[in-house]
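Written below as structure tokens is the structure these notes are about.
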2 protein chains.
Amino acid sequence: MTESESALRRMGLRLTPQRSAILGYLEGNETHPSAGEVFQALRAEHPTMALATVYNTLRCLVEAGLILEIRVAAGEVNYDPDTSTHDHAYCTRCGRIFDLPRAAASGPEAGPPGFSVESVRRVLYGRCAECVGKQK
Amino acid sequence: MTESESALRRMGLRLTPQRSAILGYLEGNETHPSAGEVFQALRAEHPTMALATVYNTLRCLVEAGLILEIRVAAGEVNYDPDTSTHDHAYCTRCGRIFDLPRAAASGPEAGPPGFSVESVRRVLYGRCAECVGKQK
DNA sequence: ATAATTGCAAAAGCTTTGCACGGAA
DNA sequence: TTCCGTGCAAAGCTTTTGCAATTAT
């Protein structure tokens with residue numbers, strides 16, 4: 001059983017084949033897939049898995065703190081299995097999301113008066129190396 | 001004619017009553033409304049305005065650089081008439097979005113190798129003063 | 001006059017929900 | 001055995017699109 005799987009159990013969640021598959025796909029995955037992409041990727045190996053199950057599972061995993069959800073593009077939520085502190089760079093042409101180490105001095109984390117900060121997200125928007133200079 | 005309106009003209013866009021109304025509603029608005037909220041707010045004064053027009057107009061204004069779109073909550077895009085450099089704080093309980101001045105030292109703005117940065121967004125997630133301590 | 005823009009309605013995505021069956025513990 | 005989780009289908013939302021009629025320039 002992987003570390004993530006035992007973490008699931010610790011959260012009081014059952015370990016089903018579907019959850020194993022989704023966790024296994026996310027593990028070490030740096031593509032920041034959306035729910036739909038996870039579904040497509042697992043379809044070959046798990047033809048009966050429902051898209052709703054993918055959504056349900058991803059929500060569970062987020063609530064359990066095993067993965068992060070990131071919102072950089074309109075119309076979809078992407079998931080990141082790396083829960084350590086880091087930033088993201090989003091290419092506005094190809095849509096890819098890159099991980100970035102967060103610099104030590106990334107600014108004060110103070111909100112408005114009385115605001116209790118739980119997490120800080122930082123996203124760089126621009127063109128990735130492959131898309132720089134290309135039109136449209 | 002307001003500054004925003006002449007800016008519209010400069011972009012080669014026509015100045016319609018609907019666009020004036022939307023610009024007027026956004027001007028100085030600090031609530032970061034979604035398209036649906038803009039539509040609801042203008043409904044009384046402009047009963048014939050279509051929701052699609054609101055969406056079209058907001059997209060125009062974003063492309064013209066007159067407003068910013070911000071994505072902090074799932075399922076909707078919010079708009080910010082303040083295009084100056086600043087950050088946001090999002091209350092995960094009540095959903096309100098607050099403006100934050102961006103500190104001078106807000107970290108390096110370098111992406112992956114070859115990445116050309118166009119803009120940087122920073123969001124603090126947490127509980128606002130009114131929601132801190134409240135349950136759920 | 002001309003072409004952009006609107007309103008309306010339909011459609012397209014993404015995501016959630018209800019419910020009966022099936023499987024993990 | 002228990003009841004959580006799955007699959008399926010339907011519904012909910014936000015957003016986009018097609019097209020005829022309207023209107024800014």
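Each chain in the structure tokens gets a letter, A, B and so on, in the order shown; residues start at 1 in every chain, and ligands are counted from 1 in the order they appear.
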
Exercise for the section: Please provide the set of residues having any atom within 10 Å of Pro112 of chain A, restricted to only C-alpha atoms (C1' of nucleotides), with same-chain residues fewer than 2 positions apart removed, written as a PyMOL selection string. Expected result: (chain A and resi 110+114-117) or (chain B and resi 88-89+98-101+124+128-129)

Atoms to include: C-alpha atoms. Write the selected residues as a PDB file, in the first residue's frame.
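What follows is the written file selection.pdb:
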```
ATOM      1  CA  ALA A 110      -1.048  39.448   5.546  1.00  0.00           C
ATOM      2  CA  GLY A 114      -8.788  40.463  10.802  1.00  0.00           C
ATOM      3  CA  PHE A 115      -8.287  38.136   7.854  1.00  0.00           C
ATOM      4  CA  SER A 116      -7.000  34.702   8.797  1.00  0.00           C
ATOM      5  CA  VAL A 117      -4.783  33.359   5.998  1.00  0.00           C
TER       6      VAL A 117
ATOM      7  CA  HIS B  88      -6.589  39.599  -3.596  1.00  0.00           C
ATOM      8  CA  ALA B  89      -7.798  37.861  -0.476  1.00  0.00           C
ATOM      9  CA  PHE B  98     -10.836  41.781  -0.952  1.00  0.00           C
ATOM     10  CA  ASP B  99      -8.254  43.987  -2.602  1.00  0.00           C
ATOM     11  CA  LEU B 100      -4.777  44.017  -1.176  1.00  0.00           C
ATOM     12  CA  PRO B 101      -1.897  46.324  -1.943  1.00  0.00           C
ATOM     13  CA  LEU B 124      -4.633  34.700  -0.118  1.00  0.00           C
ATOM     14  CA  CYS B 128     -12.373  37.228   6.553  1.00  0.00           C
ATOM     15  CA  ALA B 129     -12.819  39.167   9.795  1.00  0.00           C
TER      16      ALA B 129
END
```

Practice task
Show which residues sit within 10 Å of Leu26 of chain A, as a list of chain:residue names. Count only C-alpha atoms (C1' of nucleotides), and ignore same-chain residues fewer than 5 positions away.
Solution key: A:Ser20, A:Ala21, A:Thr31, A:His32, A:Pro33, A:Val38, A:Ile67, A:Tyr79, A:Asp80, A:Pro81, A:Asp82

Mind dumping a table of every chain A residue within 12 Å of chain C, with the nearest atom pair and its distance in Å to one decimal, using only C-alpha atoms (C1' of nucleotides), sorted by chain and rising number, as JSON lines?
```
{"residue": "A:Arg9", "atom": "CA", "partner": "C:DA25", "partner_atom": "C1'", "distance": 11.1}
{"residue": "A:Gly12", "atom": "CA", "partner": "C:DA25", "partner_atom": "C1'", "distance": 11.2}
{"residue": "A:Leu13", "atom": "CA", "partner": "C:DA24", "partner_atom": "C1'", "distance": 10.2}
{"residue": "A:Arg14", "atom": "CA", "partner": "C:DA24", "partner_atom": "C1'", "distance": 6.7}
{"residue": "A:Leu15", "atom": "CA", "partner": "C:DA24", "partner_atom": "C1'", "distance": 7.4}
{"residue": "A:Thr16", "atom": "CA", "partner": "C:DA24", "partner_atom": "C1'", "distance": 7.2}
{"residue": "A:Pro17", "atom": "CA", "partner": "C:DA24", "partner_atom": "C1'", "distance": 10.1}
{"residue": "A:Gln18", "atom": "CA", "partner": "C:DG23", "partner_atom": "C1'", "distance": 11.9}
{"residue": "A:Ser34", "atom": "CA", "partner": "C:DC14", "partner_atom": "C1'", "distance": 10.1}
{"residue": "A:Ala35", "atom": "CA", "partner": "C:DC14", "partner_atom": "C1'", "distance": 9.1}
{"residue": "A:Gly36", "atom": "CA", "partner": "C:DC14", "partner_atom": "C1'", "distance": 8.7}
{"residue": "A:Leu51", "atom": "CA", "partner": "C:DT15", "partner_atom": "C1'", "distance": 10.0}
{"residue": "A:Ala52", "atom": "CA", "partner": "C:DT16", "partner_atom": "C1'", "distance": 8.4}
{"residue": "A:Thr53", "atom": "CA", "partner": "C:DT16", "partner_atom": "C1'", "distance": 11.2}
{"residue": "A:Val54", "atom": "CA", "partner": "C:DT15", "partner_atom": "C1'", "distance": 10.9}
{"residue": "A:Tyr55", "atom": "CA", "partner": "C:DT15", "partner_atom": "C1'", "distance": 7.7}
{"residue": "A:Asn56", "atom": "CA", "partner": "C:DT16", "partner_atom": "C1'", "distance": 9.2}
{"residue": "A:Leu58", "atom": "CA", "partner": "C:DT15", "partner_atom": "C1'", "distance": 11.8}
{"residue": "A:Arg59", "atom": "CA", "partner": "C:DT15", "partner_atom": "C1'", "distance": 11.0}
{"residue": "A:Ala74", "atom": "CA", "partner": "C:DC14", "partner_atom": "C1'", "distance": 10.4}
{"residue": "A:Gly75", "atom": "CA", "partner": "C:DC14", "partner_atom": "C1'", "distance": 6.7}
{"residue": "A:Glu76", "atom": "CA", "partner": "C:DC14", "partner_atom": "C1'", "distance": 6.5}
{"residue": "A:Val77", "atom": "CA", "partner": "C:DC14", "partner_atom": "C1'", "distance": 8.9}
{"residue": "A:Asn78", "atom": "CA", "partner": "C:DC14", "partner_atom": "C1'", "distance": 11.8}
```

For the residues in the current selection, export N, CA and C atoms as a PDB file, in the first residue's frame.
```
ATOM      1  N   ARG A   9      -6.834   5.940   4.254  1.00  0.00           N
ATOM      2  CA  ARG A   9      -7.404   5.148   5.347  1.00  0.00           C
ATOM      3  C   ARG A   9      -7.446   5.950   6.632  1.00  0.00           C
ATOM      4  N   GLY A  12     -10.305   7.971   7.232  1.00  0.00           N
ATOM      5  CA  GLY A  12     -11.569   7.279   7.390  1.00  0.00           C
ATOM      6  C   GLY A  12     -12.250   6.986   6.061  1.00  0.00           C
ATOM      7  N   LEU A  13     -11.478   7.045   4.981  1.00  0.00           N
ATOM      8  CA  LEU A  13     -12.040   6.788   3.662  1.00  0.00           C
ATOM      9  C   LEU A  13     -11.703   5.365   3.222  1.00  0.00           C
ATOM     10  N   ARG A  14     -12.622   4.755   2.522  1.00  0.00           N
ATOM     11  CA  ARG A  14     -12.381   3.393   2.034  1.00  0.00           C
ATOM     12  C   ARG A  14     -11.445   3.404   0.841  1.00  0.00           C
ATOM     13  N   LEU A  15     -10.675   2.326   0.754  1.00  0.00           N
ATOM     14  CA  LEU A  15      -9.731   2.233  -0.357  1.00  0.00           C
ATOM     15  C   LEU A  15     -10.326   1.369  -1.457  1.00  0.00           C
ATOM     16  N   THR A  16     -10.888   2.031  -2.451  1.00  0.00           N
ATOM     17  CA  THR A  16     -11.502   1.291  -3.556  1.00  0.00           C
ATOM     18  C   THR A  16     -10.545   1.244  -4.734  1.00  0.00           C
ATOM     19  N   PRO A  17     -10.766   0.312  -5.660  1.00  0.00           N
ATOM     20  CA  PRO A  17      -9.908   0.220  -6.858  1.00  0.00           C
ATOM     21  C   PRO A  17      -9.875   1.545  -7.617  1.00  0.00           C
ATOM     22  N   GLN A  18     -11.023   2.227  -7.678  1.00  0.00           N
ATOM     23  CA  GLN A  18     -11.079   3.499  -8.394  1.00  0.00           C
ATOM     24  C   GLN A  18     -10.183   4.540  -7.727  1.00  0.00           C
ATOM     25  N   SER A  34      -7.022  18.012 -15.297  1.00  0.00           N
ATOM     26  CA  SER A  34      -8.372  18.339 -14.864  1.00  0.00           C
ATOM     27  C   SER A  34      -9.101  17.025 -14.599  1.00  0.00           C
ATOM     28  N   ALA A  35     -10.320  17.122 -14.065  1.00  0.00           N
ATOM     29  CA  ALA A  35     -11.096  15.910 -13.799  1.00  0.00           C
ATOM     30  C   ALA A  35     -11.311  15.130 -15.099  1.00  0.00           C
ATOM     31  N   GLY A  36     -11.634  15.837 -16.153  1.00  0.00           N
ATOM     32  CA  GLY A  36     -11.857  15.193 -17.440  1.00  0.00           C
ATOM     33  C   GLY A  36     -10.628  14.474 -17.952  1.00  0.00           C
ATOM     34  N   LEU A  51     -17.400   9.193 -14.743  1.00  0.00           N
ATOM     35  CA  LEU A  51     -16.829  10.526 -14.578  1.00  0.00           C
ATOM     36  C   LEU A  51     -17.207  11.101 -13.215  1.00  0.00           C
ATOM     37  N   ALA A  52     -18.418  10.817 -12.780  1.00  0.00           N
ATOM     38  CA  ALA A  52     -18.861  11.315 -11.479  1.00  0.00           C
ATOM     39  C   ALA A  52     -17.981  10.781 -10.364  1.00  0.00           C
ATOM     40  N   THR A  53     -17.513   9.561 -10.519  1.00  0.00           N
ATOM     41  CA  THR A  53     -16.627   8.980  -9.508  1.00  0.00           C
ATOM     42  C   THR A  53     -15.309   9.737  -9.461  1.00  0.00           C
ATOM     43  N   VAL A  54     -14.823  10.116 -10.624  1.00  0.00           N
ATOM     44  CA  VAL A  54     -13.587  10.898 -10.664  1.00  0.00           C
ATOM     45  C   VAL A  54     -13.791  12.220  -9.929  1.00  0.00           C
ATOM     46  N   TYR A  55     -14.897  12.893 -10.205  1.00  0.00           N
ATOM     47  CA  TYR A  55     -15.182  14.155  -9.515  1.00  0.00           C
ATOM     48  C   TYR A  55     -15.296  13.940  -8.008  1.00  0.00           C
ATOM     49  N   ASN A  56     -16.063  12.919  -7.622  1.00  0.00           N
ATOM     50  CA  ASN A  56     -16.231  12.654  -6.198  1.00  0.00           C
ATOM     51  C   ASN A  56     -14.897  12.376  -5.527  1.00  0.00           C
ATOM     52  N   LEU A  58     -11.815  13.150  -6.522  1.00  0.00           N
ATOM     53  CA  LEU A  58     -10.925  14.307  -6.475  1.00  0.00           C
ATOM     54  C   LEU A  58     -11.332  15.245  -5.342  1.00  0.00           C
ATOM     55  N   ARG A  59     -12.621  15.403  -5.167  1.00  0.00           N
ATOM     56  CA  ARG A  59     -13.079  16.270  -4.074  1.00  0.00           C
ATOM     57  C   ARG A  59     -12.658  15.707  -2.720  1.00  0.00           C
ATOM     58  N   ALA A  74      -9.945  29.435 -17.181  1.00  0.00           N
ATOM     59  CA  ALA A  74     -11.383  29.522 -17.049  1.00  0.00           C
ATOM     60  C   ALA A  74     -11.998  28.171 -17.378  1.00  0.00           C
ATOM     61  N   GLY A  75     -13.090  27.876 -16.714  1.00  0.00           N
ATOM     62  CA  GLY A  75     -13.874  26.718 -17.117  1.00  0.00           C
ATOM     63  C   GLY A  75     -13.428  25.375 -16.611  1.00  0.00           C
ATOM     64  N   GLU A  76     -12.335  25.309 -15.896  1.00  0.00           N
ATOM     65  CA  GLU A  76     -11.984  24.017 -15.330  1.00  0.00           C
ATOM     66  C   GLU A  76     -11.061  24.155 -14.139  1.00  0.00           C
ATOM     67  N   VAL A  77     -11.077  23.120 -13.312  1.00  0.00           N
ATOM     68  CA  VAL A  77     -10.223  23.073 -12.144  1.00  0.00           C
ATOM     69  C   VAL A  77      -9.149  22.028 -12.421  1.00  0.00           C
ATOM     70  N   ASN A  78      -7.926  22.341 -12.060  1.00  0.00           N
ATOM     71  CA  ASN A  78      -6.846  21.381 -12.255  1.00  0.00           C
ATOM     72  C   ASN A  78      -6.339  20.909 -10.909  1.00  0.00           C
TER      73      ASN A  78
END
```

Exercise for the section: Go ahead and compute the interatomic distance for atom CA of Leu23 of chain B and atom CA of Glu3 of chain B, in Å to one decimal. Expected result: 10.3 Å

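Take atom CA of Gly111 of chain B and atom CA of Ile70 of chain A: the distance between them is 17.0 Å.
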
Practice task
Write out as JSON, numbers by chain all residues of segment 33-96 of chain A that backbone DSSP assigns to helix (DSSP H, G or I).
Solution key: {"A": [35, 36, 37, 38, 39, 40, 41, 42, 43, 51, 52, 53, 54, 55, 56, 57, 58, 59, 60, 61, 62, 63]}

Handout entry: In chain B, DSSP strand (DSSP E) residues written as a list in words
Key = Leu68, Glu69, Ile70, Asn78, Tyr79, Asp80, His86, Asp87, His88, Ala89, Tyr90, Cys91, Ile97, Phe98, Asp99, Leu100, Pro101, Ser116, Val117, Glu118, Ser119, Val120, Arg121, Arg122, Val123, Leu124, Tyr125, Gly126 and Arg127 of chain B
